[in-house]
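Listing of data33.txt; format and content: compact mmCIF, C-alpha atoms and all ligand atoms.
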```
# COMPACT_ATOMS: atom_id res chain seq x y z
CA MET A 1 7.63 0.85 46.54
CA THR A 2 8.41 0.82 42.83
CA THR A 3 6.84 3.41 40.59
CA LYS A 4 5.50 2.24 37.29
CA LYS A 5 7.05 3.63 34.16
CA SER A 6 4.39 5.85 32.66
CA PRO A 7 4.30 6.12 28.87
CA SER A 8 5.14 9.83 28.96
CA SER A 9 8.33 9.20 30.93
CA LYS A 10 9.64 6.91 28.23
CA SER A 11 11.31 7.61 24.92
CA LYS A 12 9.93 6.93 21.44
CA PRO A 13 8.64 3.37 21.03
CA LYS A 14 11.12 1.02 19.34
CA LYS A 15 10.00 -0.54 16.07
CA ILE A 16 8.83 -4.15 16.52
CA LYS A 17 10.63 -6.46 14.12
CA LYS A 18 10.57 -9.87 15.78
CA ALA A 19 7.81 -12.36 16.48
CA VAL A 20 7.84 -15.53 18.56
CA PHE A 21 5.62 -18.50 17.67
CA PRO A 22 5.39 -21.15 20.41
CA ALA A 23 4.83 -24.44 18.54
CA ALA A 24 6.18 -27.14 20.83
CA GLY A 25 2.86 -28.41 22.22
CA PHE A 26 1.75 -32.01 21.64
CA GLY A 27 -1.66 -31.11 20.20
CA THR A 28 -3.42 -33.65 22.41
CA ARG A 29 -6.84 -32.12 21.64
CA PHE A 30 -6.39 -33.36 18.06
CA LEU A 31 -5.17 -36.89 18.64
CA PRO A 32 -4.90 -39.19 16.74
CA ALA A 33 -4.52 -36.68 13.85
CA THR A 34 -1.52 -35.08 15.54
CA LYS A 35 0.37 -38.23 16.48
CA ALA A 36 2.83 -37.84 13.60
CA ILE A 37 1.86 -34.38 12.25
CA PRO A 38 2.37 -31.13 14.17
CA LYS A 39 -1.01 -29.53 14.93
CA GLU A 40 0.39 -26.30 13.48
CA MET A 41 0.53 -28.08 10.09
CA LEU A 42 -3.16 -29.05 10.00
CA PRO A 43 -4.67 -27.37 6.95
CA LEU A 44 -7.14 -24.55 7.04
CA VAL A 45 -8.58 -25.09 3.52
CA ASP A 46 -5.22 -25.23 1.71
CA LYS A 47 -2.62 -23.67 4.01
CA PRO A 48 -1.27 -24.94 7.34
CA LEU A 49 -2.59 -23.10 10.39
CA ILE A 50 0.81 -21.65 11.27
CA GLN A 51 1.13 -19.99 7.87
CA TYR A 52 -1.96 -17.84 8.53
CA VAL A 53 -0.42 -16.57 11.76
CA ILE A 54 2.97 -15.95 10.15
CA GLU A 55 1.25 -14.07 7.31
CA GLU A 56 -0.56 -11.95 9.91
CA ALA A 57 2.81 -11.08 11.45
CA ALA A 58 4.42 -10.32 8.08
CA ASP A 59 1.41 -8.17 7.07
CA SER A 60 1.93 -6.24 10.31
CA GLY A 61 5.56 -5.43 9.45
CA ILE A 62 7.38 -8.26 11.27
CA GLU A 63 10.69 -9.19 9.63
CA GLU A 64 12.11 -11.95 11.83
CA ILE A 65 10.20 -15.07 12.85
CA ILE A 66 11.32 -17.14 15.83
CA ILE A 67 9.59 -20.52 16.08
CA VAL A 68 9.80 -22.54 19.29
CA THR A 69 9.56 -26.17 18.24
CA GLY A 70 10.02 -29.55 19.89
CA MET A 71 10.17 -33.24 19.13
CA GLY A 72 8.36 -34.24 15.93
CA LYS A 73 8.02 -30.72 14.54
CA THR A 74 10.47 -30.80 11.64
CA ALA A 75 7.60 -30.53 9.12
CA ILE A 76 7.27 -26.88 10.22
CA GLU A 77 10.90 -26.13 9.32
CA ASP A 78 10.54 -27.94 6.00
CA HIS A 79 7.39 -26.00 5.16
CA PHE A 80 9.10 -22.62 5.43
CA ASP A 81 12.23 -23.81 3.66
CA ILE A 82 12.81 -24.00 -0.09
CA SER A 83 12.06 -27.37 -1.68
CA PHE A 84 14.33 -27.57 -4.74
CA GLU A 85 12.78 -30.81 -5.99
CA LEU A 86 9.23 -29.51 -5.81
CA GLU A 87 10.21 -26.17 -7.33
CA SER A 88 12.00 -27.72 -10.31
CA LEU A 89 9.00 -30.00 -10.92
CA LEU A 90 6.61 -27.03 -10.88
CA LYS A 91 8.96 -25.09 -13.18
CA GLU A 92 9.10 -28.03 -15.60
CA LYS A 93 5.30 -28.23 -15.66
CA GLY A 94 4.97 -24.45 -16.13
CA LYS A 95 2.98 -24.03 -12.89
CA LYS A 96 4.17 -20.49 -12.25
CA GLN A 97 1.30 -19.48 -9.98
CA LEU A 98 1.84 -22.42 -7.63
CA LEU A 99 5.59 -21.80 -7.65
CA LYS A 100 5.07 -18.17 -6.63
CA MET A 101 2.61 -19.23 -3.92
CA ILE A 102 4.92 -21.73 -2.21
CA ARG A 103 7.93 -19.40 -2.38
CA GLU A 104 6.29 -16.24 -1.11
CA ILE A 105 6.11 -16.96 2.61
CA SER A 106 9.67 -18.36 2.68
CA ASP A 107 11.04 -15.18 1.08
CA ARG A 108 9.07 -12.51 2.96
CA VAL A 109 10.65 -12.98 6.38
CA THR A 110 13.65 -14.70 8.00
CA TYR A 111 13.24 -17.75 10.21
CA ALA A 112 15.05 -18.88 13.35
CA TYR A 113 14.22 -21.98 15.36
CA THR A 114 14.82 -22.94 18.94
CA ARG A 115 13.65 -26.05 20.77
CA GLN A 116 11.71 -26.34 23.97
CA LYS A 117 12.97 -29.66 25.28
CA GLN A 118 10.30 -30.13 27.94
CA PRO A 119 6.65 -28.99 28.07
CA LEU A 120 7.17 -26.46 30.86
CA GLY A 121 4.54 -23.95 29.75
CA LEU A 122 3.94 -20.94 27.52
CA GLY A 123 6.01 -18.70 29.80
CA HIS A 124 8.94 -21.09 29.47
CA ALA A 125 8.56 -21.20 25.65
CA VAL A 126 8.88 -17.40 25.61
CA GLN A 127 11.72 -17.41 28.14
CA ILE A 128 13.97 -19.59 25.97
CA THR A 129 13.82 -17.05 23.12
CA LYS A 130 15.58 -14.44 25.28
CA ASN A 131 18.88 -14.51 23.38
CA LEU A 132 17.19 -14.49 19.98
CA VAL A 133 14.88 -11.61 20.89
CA SER A 134 17.53 -9.68 22.86
CA ASP A 135 16.72 -6.22 24.18
CA GLU A 136 13.76 -5.32 21.95
CA PRO A 137 9.99 -5.29 22.11
CA PHE A 138 8.51 -8.27 20.27
CA VAL A 139 5.26 -10.05 19.48
CA VAL A 140 4.12 -13.48 20.62
CA LEU A 141 1.52 -15.16 18.41
CA LEU A 142 -0.26 -18.39 19.31
CA GLY A 143 -1.12 -20.55 16.32
CA ASP A 144 -4.34 -21.87 17.87
CA ASP A 145 -5.91 -18.44 17.56
CA ILE A 146 -6.74 -17.65 13.95
CA ILE A 147 -8.00 -14.12 13.49
CA ASP A 148 -9.80 -13.06 10.34
CA ALA A 149 -9.64 -9.26 10.27
CA LYS A 150 -9.56 -6.44 7.71
CA VAL A 151 -6.59 -4.90 9.52
CA PRO A 152 -4.39 -7.70 10.93
CA ALA A 153 -4.95 -8.02 14.70
CA THR A 154 -1.21 -7.61 15.38
CA LYS A 155 -1.21 -4.38 13.36
CA GLN A 156 -4.19 -3.07 15.37
CA MET A 157 -2.21 -3.80 18.55
CA MET A 158 0.90 -2.09 17.19
CA LYS A 159 -1.12 1.09 16.69
CA LEU A 160 -1.92 1.09 20.41
CA TYR A 161 1.68 0.13 21.30
CA ASN A 162 2.95 3.15 19.37
CA LYS A 163 0.67 5.38 21.47
CA VAL A 164 1.35 3.91 24.91
CA ASN A 165 4.89 2.54 24.45
CA ALA A 166 4.11 -0.42 26.72
CA SER A 167 3.14 -4.08 26.46
CA VAL A 168 -0.21 -4.68 24.75
CA ILE A 169 -2.30 -7.85 25.00
CA ALA A 170 -5.18 -8.86 22.72
CA VAL A 171 -8.49 -9.45 24.47
CA GLN A 172 -11.99 -10.43 23.49
CA LYS A 173 -15.24 -10.55 25.46
CA VAL A 174 -16.32 -14.13 26.12
CA PRO A 175 -19.42 -15.53 27.87
CA LYS A 176 -18.89 -15.75 31.64
CA ASN A 177 -19.14 -19.57 31.54
CA GLN A 178 -16.04 -19.69 29.32
CA THR A 179 -13.69 -17.46 31.29
CA HIS A 180 -12.13 -20.51 33.00
CA LEU A 181 -10.57 -21.47 29.65
CA TYR A 182 -8.54 -18.25 29.30
CA GLY A 183 -6.29 -15.78 30.96
CA VAL A 184 -8.64 -13.00 32.12
CA ILE A 185 -7.82 -9.35 32.68
CA GLN A 186 -9.12 -6.68 34.96
CA GLY A 187 -8.80 -3.27 33.41
CA GLU A 188 -9.79 0.34 33.37
CA LYS A 189 -11.28 1.49 30.04
CA VAL A 190 -9.15 4.32 28.68
CA GLY A 191 -10.54 4.52 25.13
CA PRO A 192 -12.66 2.62 22.64
CA GLY A 193 -11.65 -1.05 22.98
CA THR A 194 -8.62 -0.01 25.05
CA TYR A 195 -7.94 -0.87 28.69
CA ARG A 196 -5.15 -0.17 31.15
CA ILE A 197 -4.69 -3.52 32.86
CA THR A 198 -4.91 -3.59 36.65
CA ASP A 199 -4.72 -7.36 37.15
CA LEU A 200 -4.61 -10.66 35.24
CA VAL A 201 -5.50 -14.23 36.25
CA GLU A 202 -4.73 -17.43 34.35
CA LYS A 203 -7.84 -19.57 33.83
CA PRO A 204 -9.82 -18.45 36.90
CA GLN A 205 -11.99 -21.32 38.13
CA LYS A 206 -14.26 -18.92 40.04
CA ASN A 207 -14.83 -15.17 40.35
CA PRO A 208 -13.24 -14.07 37.04
CA PRO A 209 -12.23 -10.40 37.29
CA SER A 210 -14.12 -9.62 34.04
CA ASN A 211 -15.29 -11.24 30.81
CA LEU A 212 -12.26 -9.95 28.87
CA ALA A 213 -10.27 -13.03 27.83
CA ILE A 214 -6.68 -12.99 26.65
CA ILE A 215 -6.39 -14.10 23.02
CA GLY A 216 -3.08 -15.39 21.66
CA ARG A 217 -1.43 -12.13 20.60
CA TYR A 218 0.97 -10.28 22.90
CA ILE A 219 3.24 -7.30 22.28
CA LEU A 220 5.84 -7.54 25.02
CA THR A 221 8.60 -5.28 26.22
CA PRO A 222 11.92 -7.06 26.94
CA GLY A 223 11.12 -6.51 30.65
CA ILE A 224 9.07 -9.72 30.38
CA PHE A 225 12.28 -11.78 30.51
CA LYS A 226 13.16 -10.47 33.96
CA SER A 227 9.57 -11.07 35.08
CA LEU A 228 9.67 -14.64 33.77
CA GLU A 229 12.81 -15.26 35.82
CA LYS A 230 11.04 -14.03 38.96
CA THR A 231 7.79 -15.91 38.34
CA LYS A 232 7.09 -19.25 40.00
CA LYS A 233 5.36 -22.20 38.34
CA GLY A 234 1.59 -21.71 38.22
CA ARG A 235 -1.44 -23.57 36.85
CA GLY A 236 -0.69 -27.14 35.86
CA GLY A 237 2.82 -26.85 37.32
CA GLU A 238 3.83 -24.78 34.27
CA LEU A 239 5.46 -21.38 33.92
CA GLN A 240 2.51 -19.25 32.79
CA LEU A 241 2.95 -16.15 30.65
CA THR A 242 -0.10 -14.62 32.35
CA ASP A 243 1.63 -14.93 35.76
CA ALA A 244 4.79 -13.29 34.38
CA LEU A 245 2.68 -10.43 33.02
CA ARG A 246 1.26 -10.02 36.51
CA THR A 247 4.83 -9.68 37.78
CA LEU A 248 5.63 -7.21 34.98
CA LEU A 249 2.62 -5.14 36.04
CA GLU A 250 4.46 -4.33 39.29
CA THR A 251 6.97 -2.21 37.35
CA GLU A 252 5.44 -1.42 33.95
CA GLU A 253 2.05 -0.47 32.58
CA ILE A 254 0.30 -3.05 30.40
CA TYR A 255 -2.60 -2.35 28.05
CA ALA A 256 -5.26 -4.52 26.48
CA CYS A 257 -6.61 -4.12 22.95
CA GLU A 258 -10.04 -5.42 22.04
CA PHE A 259 -9.25 -6.07 18.39
CA GLU A 260 -11.76 -6.03 15.55
CA GLY A 261 -12.14 -9.30 13.67
CA ASP A 262 -13.42 -12.85 13.94
CA ARG A 263 -11.36 -15.22 16.05
CA TYR A 264 -11.41 -18.99 15.75
CA ASP A 265 -9.99 -21.37 18.34
CA ALA A 266 -8.39 -23.66 15.78
CA GLY A 267 -6.82 -25.71 18.57
CA ASP A 268 -10.27 -27.13 19.27
CA LYS A 269 -12.12 -29.56 16.96
CA LEU A 270 -15.26 -27.44 16.64
CA GLY A 271 -13.34 -24.18 16.27
CA PHE A 272 -11.13 -25.78 13.64
CA LEU A 273 -14.15 -26.94 11.61
CA LYS A 274 -15.84 -23.54 11.95
CA ALA A 275 -12.66 -21.87 10.66
CA ASN A 276 -12.48 -24.28 7.73
CA ILE A 277 -16.10 -23.58 6.76
CA SER A 278 -15.72 -19.85 7.14
CA TYR A 279 -12.43 -19.63 5.20
CA GLY A 280 -13.77 -22.14 2.64
CA LEU A 281 -16.79 -19.91 2.00
CA LYS A 282 -14.38 -17.08 1.14
CA HIS A 283 -12.02 -19.17 -1.00
CA SER A 284 -12.46 -18.40 -4.70
CA ASP A 285 -11.87 -22.04 -5.81
CA ILE A 286 -14.57 -23.62 -3.67
CA SER A 287 -16.92 -20.99 -2.19
CA THR A 288 -19.86 -21.53 -4.60
CA ASP A 289 -19.79 -25.31 -4.37
CA LEU A 290 -19.27 -25.30 -0.61
CA LYS A 291 -22.26 -22.97 -0.16
CA ARG A 292 -24.38 -25.24 -2.34
CA PHE A 293 -23.25 -28.28 -0.35
CA LEU A 294 -23.98 -26.64 3.02
CA LYS A 295 -27.47 -25.64 1.85
CA SER A 296 -28.10 -29.19 0.65
CA LEU A 297 -27.52 -30.53 4.16
CA LYS A 298 -30.98 -29.20 5.28
CA LEU A 299 -30.01 -29.37 8.94
C1 LIG A 301 -2.99 -19.72 26.54
C2 LIG A 301 -2.78 -18.71 27.66
C3 LIG A 301 -4.14 -18.10 28.06
C4 LIG A 301 -4.81 -17.48 26.84
C5 LIG A 301 -4.94 -18.53 25.72
C6 LIG A 301 -5.42 -17.87 24.44
O1 LIG A 301 -3.72 -20.82 27.06
O2 LIG A 301 -2.18 -19.35 28.76
O3 LIG A 301 -3.92 -17.09 29.02
O4 LIG A 301 -6.09 -16.99 27.20
O5 LIG A 301 -3.67 -19.14 25.44
O6 LIG A 301 -5.63 -18.80 23.42
P1 LIG A 301 -3.85 -22.23 26.28
O7 LIG A 301 -5.06 -22.10 25.40
O8 LIG A 301 -2.60 -22.44 25.50
O9 LIG A 301 -4.06 -23.24 27.35
```
What would the structure in this file look like if it were written as C-alpha cells?
Ligand code: G1P
Amino acid sequence: MTTKKSPSSKSKPKKIKKAVFPAAGFGTRFLPATKAIPKEMLPLVDKPLIQYVIEEAADSGIEEIIIVTGMGKTAIEDHFDISFELESLLKEKGKKQLLKMIREISDRVTYAYTRQKQPLGLGHAVQITKNLVSDEPFVVLLGDDIIDAKVPATKQMMKLYNKVNASVIAVQKVPKNQTHLYGVIQGEKVGPGTYRITDLVEKPQKNPPSNLAIIGRYILTPGIFKSLEKTKKGRGGELQLTDALRTLLETEEIYACEFEGDRYDAGDKLGFLKANISYGLKHSDISTDLKRFLKSLKL
C-alpha cells in the first residue's frame, strides 16, 4: 500500500509561474460562428474570451502562458503578438489609450504554444505540455469558464495551495440535475469552502457523489504527468483529466476550493449571452445605455 504524501511531510510550496490553457477544441456548441473563428476569440463585450482568462492568470502572478492550440487557431497567436501595422496606425492617429490597451496583455507575460494534433481529451491536452511545464506545479485554466471575482479565482486557489502544498481544484455547488455535465468531487470539509478530496467522477450519469462540480481551474503538482501516463481512456473515449486526478489521489492529497465569484459557462450559448450582459452592464462605455435598453424590453 502506498502512503499519501501529507502536506506536513513536504517542503515549502514552490512558486507557481506557469499556466496551461487548453484551446484546441472545435467549439461545436457555437457552430456556425466557430467554423472559421476559434471559440476562444469570441468577444465578451470588447475582448476575446481567452484574454479574460489570461488576465486572471497574470493578475494571480503567473508569468508564463502555455496555450495548447490546434488546426484553425492561429488567430489566438496573432492576438497575443505585436501587430506593427496596427500599432503604427494608432500612433499616427494619436490613439495612445488604444495602443496601450492592445499592447498590455502581450507585454505582461510570455507565451509558448504547442499543438494538440488530435482531439484526444483534456487530459491529453495537459499531457502534451509536460516538457514545457517540466518539474513544477502549474495551473490549468479552461477558457469556457469565465469567473468574475474581486480576488481572481486562481489567486484564491493559490492561497489554499500555499497552505496545503498539494493540488487544488476549483469547485462550485450546482443543482443536482446538472451534475452530469461536470466532473464531481466527493470531499471532506476541512475549512470554510475547503475540502480534502476523497474521490472524483467525470460527468456522473447517476448517483453523483455530491453537488460540488469541478470548474475549469486546476492547480496541479507535476505528479499529474505520471498519473496521466497511467490513466486509461475514459468518457467519450478521451483521456480525462478527472480520471488522472483520481489516479493522483492514490499517492497525493488533493484539495478543492469553493471560490468566491460569479462563474459563467461561456462555452454555452446562454452562458455566453449572460456573461455579455453582465460584463456589458459593468462596462463604462455602454452600461447606462445597455441598462436603458434592457428595461425597454418589458419582458
Ligand atoms: C471539463 C472537465 C469537467 C469540468 C468542466 C468544467 O469538461 O472534463 O470535469 O467539470 O470542464 O468546465 P468539458 O466542459 O470540457 O466537457
> Which one of A:Phe21, A:Phe138, A:Phe293, A:Phe26 sits closest to Ile62 (chain A) if you count only C-alpha atoms?
Replying inline: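 The closest residue to Ile62 (chain A) is A:Phe138.
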Sorted per-residue table, chain A near ligand LIG 301 (chain A), closest atoms and distance, 7 Å, all atoms listed in the file, as CSV:
```
residue,atom,partner,partner_atom,distance
A:Leu122,CA,A:LIG301,O2,6.4
A:Leu142,CA,A:LIG301,O6,6.8
A:Asp144,CA,A:LIG301,O6,6.5
A:Asp145,CA,A:LIG301,O6,5.9
A:Leu181,CA,A:LIG301,O4,6.8
A:Tyr182,CA,A:LIG301,O4,3.5
A:Gly183,CA,A:LIG301,O3,3.3
A:Val184,CA,A:LIG301,O4,6.8
A:Glu202,CA,A:LIG301,O3,5.4
A:Lys203,CA,A:LIG301,O3,6.7
A:Ala213,CA,A:LIG301,O4,5.8
A:Ile214,CA,A:LIG301,O4,4.1
A:Ile215,CA,A:LIG301,C6,4.1
A:Gly216,CA,A:LIG301,C6,4.4
A:Gln240,CA,A:LIG301,O2,6.2
A:Leu241,CA,A:LIG301,O2,6.3
A:Thr242,CA,A:LIG301,O3,5.6
```
>> Residues near Leu248 (chain A), anyone? I mean within 9 Å using all atoms listed in the file, not counting same-chain ones fewer than 6 positions away, as a ChimeraX atom specification.
In response: /A:223-224,226-228,254
>> Within 12 Å of (-7.6, -3.7, 33.0) (file coordinates; all atoms listed in the file), which protein or nucleic acid residues are there? I'd like them as a count of residues only.
In response: 35
> To one decimal place, how far is CA of Asp243 (chain A) from CA of Val140 (chain A) in Å?
Replying inline: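 Between these atoms lies a distance of 15.4 Å.
Here CA of Leu98 (chain A) and CA of His79 (chain A) stand 14.4 Å from one another.
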Can you sort out the box for region 254-269 of chain A, edges along x, y and z, all listed atoms in, 8 Å on every side, with centre and edge lengths in Å to one decimal, as AutoDock Vina command-line options?
```
--center_x -6.6 --center_y -16.0 --center_z 22.0 --size_x 29.7 --size_y 43.2 --size_z 32.7
```
> Of the candidates A:Lys117, A:Lys18, A:Lys96, A:Arg29, which shows the shortest atom-to-atom distance to Gly271 (chain A), using only C-alpha atoms?
Replying inline: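 Once distances to Gly271 (chain A) are computed over only C-alpha atoms, the minimum belongs to A:Arg29.
One finds CA of Ala166 (chain A) at 7.4 Å from CA of Glu252 (chain A).
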> Skipping near chain neighbours, those fewer than 3 positions away, what residues fall within 8 Å of region 131-137 of chain A using all atoms listed in the file, listed as a ChimeraX atom specification?
Replying inline: /A:14-16,18,66,128,219-222
> Which of these residues is nearest to Leu120 (chain A), using all atoms listed in the file: A:Ile105, A:Tyr52, A:Leu99, A:Gly25?
Replying inline: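 Selected residue with least distance to Leu120 (chain A): A:Gly25.
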> Between A:Leu245, A:Arg103, A:Thr179, A:His283, which has the minimum distance to Ser83 (chain A) (counting all atoms listed in the file)?
Replying inline: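 The shortest atom-to-atom distance to Ser83 (chain A) comes from A:Arg103.
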>> Give me, as a PyMOL selection string, all polymer residues having an atom no more than 10 Å from Lys100 (chain A), counting all atoms listed in the file and skipping those fewer than 5 positions away in the same chain.
In response: chain A and resi 87+90+95+105
>> When you count all atoms listed in the file, which of these residues is closest to Arg217 (chain A): A:Thr251, A:Gln97, A:Thr69, A:Gln156?
In response: A:Gln156
>> Calculated over all atoms listed in the file, which of the candidates A:Ser296, A:Gly121, A:Lys173, A:Gly280 has the smallest distance to Asp46 (chain A)?
In response: A:Gly280
> Can you tell me, as a ChimeraX atom specification, what residues are no more than 10 Å from Asp59 (chain A) when counting only C-alpha atoms, ignoring any on the same chain fewer than 4 positions away?
Replying inline: /A:53-55,63,108,151-155
As a PDB file, keeping the file's coordinate frame, could you write out region 41-63 of chain A once it has been completed with N, CA and C atoms?
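Ended up saving to result33.pdb:
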```pdb
ATOM      1  N   MET A  41       0.519 -27.783  11.528  1.00  0.00           N
ATOM      2  CA  MET A  41       0.530 -28.080  10.090  1.00  0.00           C
ATOM      3  C   MET A  41      -0.825 -28.560   9.585  1.00  0.00           C
ATOM      4  N   LEU A  42      -1.837 -28.641  10.469  1.00  0.00           N
ATOM      5  CA  LEU A  42      -3.160 -29.050  10.000  1.00  0.00           C
ATOM      6  C   LEU A  42      -3.673 -27.975   9.035  1.00  0.00           C
ATOM      7  N   PRO A  43      -4.293 -28.381   7.934  1.00  0.00           N
ATOM      8  CA  PRO A  43      -4.670 -27.370   6.950  1.00  0.00           C
ATOM      9  C   PRO A  43      -5.982 -26.649   7.235  1.00  0.00           C
ATOM     10  N   LEU A  44      -5.933 -25.367   7.040  1.00  0.00           N
ATOM     11  CA  LEU A  44      -7.140 -24.550   7.040  1.00  0.00           C
ATOM     12  C   LEU A  44      -7.381 -24.288   5.551  1.00  0.00           C
ATOM     13  N   VAL A  45      -8.326 -25.014   4.972  1.00  0.00           N
ATOM     14  CA  VAL A  45      -8.580 -25.090   3.520  1.00  0.00           C
ATOM     15  C   VAL A  45      -7.333 -25.603   2.794  1.00  0.00           C
ATOM     16  N   ASP A  46      -6.381 -24.738   2.453  1.00  0.00           N
ATOM     17  CA  ASP A  46      -5.220 -25.230   1.710  1.00  0.00           C
ATOM     18  C   ASP A  46      -3.868 -24.750   2.246  1.00  0.00           C
ATOM     19  N   LYS A  47      -3.891 -24.136   3.417  1.00  0.00           N
ATOM     20  CA  LYS A  47      -2.620 -23.670   4.010  1.00  0.00           C
ATOM     21  C   LYS A  47      -2.550 -24.178   5.447  1.00  0.00           C
ATOM     22  N   PRO A  48      -1.353 -24.534   5.928  1.00  0.00           N
ATOM     23  CA  PRO A  48      -1.270 -24.940   7.340  1.00  0.00           C
ATOM     24  C   PRO A  48      -1.598 -23.781   8.270  1.00  0.00           C
ATOM     25  N   LEU A  49      -2.167 -24.119   9.418  1.00  0.00           N
ATOM     26  CA  LEU A  49      -2.590 -23.100  10.390  1.00  0.00           C
ATOM     27  C   LEU A  49      -1.496 -22.076  10.655  1.00  0.00           C
ATOM     28  N   ILE A  50      -0.271 -22.569  10.871  1.00  0.00           N
ATOM     29  CA  ILE A  50       0.810 -21.650  11.270  1.00  0.00           C
ATOM     30  C   ILE A  50       1.111 -20.617  10.191  1.00  0.00           C
ATOM     31  N   GLN A  51       0.856 -20.963   8.941  1.00  0.00           N
ATOM     32  CA  GLN A  51       1.130 -19.990   7.870  1.00  0.00           C
ATOM     33  C   GLN A  51       0.217 -18.767   7.963  1.00  0.00           C
ATOM     34  N   TYR A  52      -1.046 -18.982   8.384  1.00  0.00           N
ATOM     35  CA  TYR A  52      -1.960 -17.840   8.530  1.00  0.00           C
ATOM     36  C   TYR A  52      -1.409 -16.860   9.568  1.00  0.00           C
ATOM     37  N   VAL A  53      -0.881 -17.421  10.654  1.00  0.00           N
ATOM     38  CA  VAL A  53      -0.420 -16.570  11.760  1.00  0.00           C
ATOM     39  C   VAL A  53       0.879 -15.859  11.358  1.00  0.00           C
ATOM     40  N   ILE A  54       1.729 -16.574  10.611  1.00  0.00           N
ATOM     41  CA  ILE A  54       2.970 -15.950  10.150  1.00  0.00           C
ATOM     42  C   ILE A  54       2.654 -14.866   9.118  1.00  0.00           C
ATOM     43  N   GLU A  55       1.657 -15.105   8.278  1.00  0.00           N
ATOM     44  CA  GLU A  55       1.250 -14.070   7.310  1.00  0.00           C
ATOM     45  C   GLU A  55       0.694 -12.847   8.033  1.00  0.00           C
ATOM     46  N   GLU A  56      -0.045 -13.085   9.119  1.00  0.00           N
ATOM     47  CA  GLU A  56      -0.560 -11.950   9.910  1.00  0.00           C
ATOM     48  C   GLU A  56       0.609 -11.110  10.431  1.00  0.00           C
ATOM     49  N   ALA A  57       1.644 -11.797  10.919  1.00  0.00           N
ATOM     50  CA  ALA A  57       2.810 -11.080  11.450  1.00  0.00           C
ATOM     51  C   ALA A  57       3.520 -10.311  10.327  1.00  0.00           C
ATOM     52  N   ALA A  58       3.731 -10.977   9.195  1.00  0.00           N
ATOM     53  CA  ALA A  58       4.420 -10.320   8.080  1.00  0.00           C
ATOM     54  C   ALA A  58       3.604  -9.125   7.573  1.00  0.00           C
ATOM     55  N   ASP A  59       2.274  -9.277   7.514  1.00  0.00           N
ATOM     56  CA  ASP A  59       1.410  -8.170   7.070  1.00  0.00           C
ATOM     57  C   ASP A  59       1.405  -7.020   8.077  1.00  0.00           C
ATOM     58  N   SER A  60       1.881  -7.286   9.277  1.00  0.00           N
ATOM     59  CA  SER A  60       1.930  -6.240  10.310  1.00  0.00           C
ATOM     60  C   SER A  60       3.334  -5.612  10.382  1.00  0.00           C
ATOM     61  N   GLY A  61       4.227  -6.042   9.511  1.00  0.00           N
ATOM     62  CA  GLY A  61       5.560  -5.430   9.450  1.00  0.00           C
ATOM     63  C   GLY A  61       6.662  -6.221  10.123  1.00  0.00           C
ATOM     64  N   ILE A  62       6.353  -7.435  10.615  1.00  0.00           N
ATOM     65  CA  ILE A  62       7.380  -8.260  11.270  1.00  0.00           C
ATOM     66  C   ILE A  62       8.364  -8.780  10.219  1.00  0.00           C
ATOM     67  N   GLU A  63       9.650  -8.763  10.582  1.00  0.00           N
ATOM     68  CA  GLU A  63      10.690  -9.190   9.630  1.00  0.00           C
ATOM     69  C   GLU A  63      11.343 -10.505  10.041  1.00  0.00           C
TER      70      GLU A  63
END
```
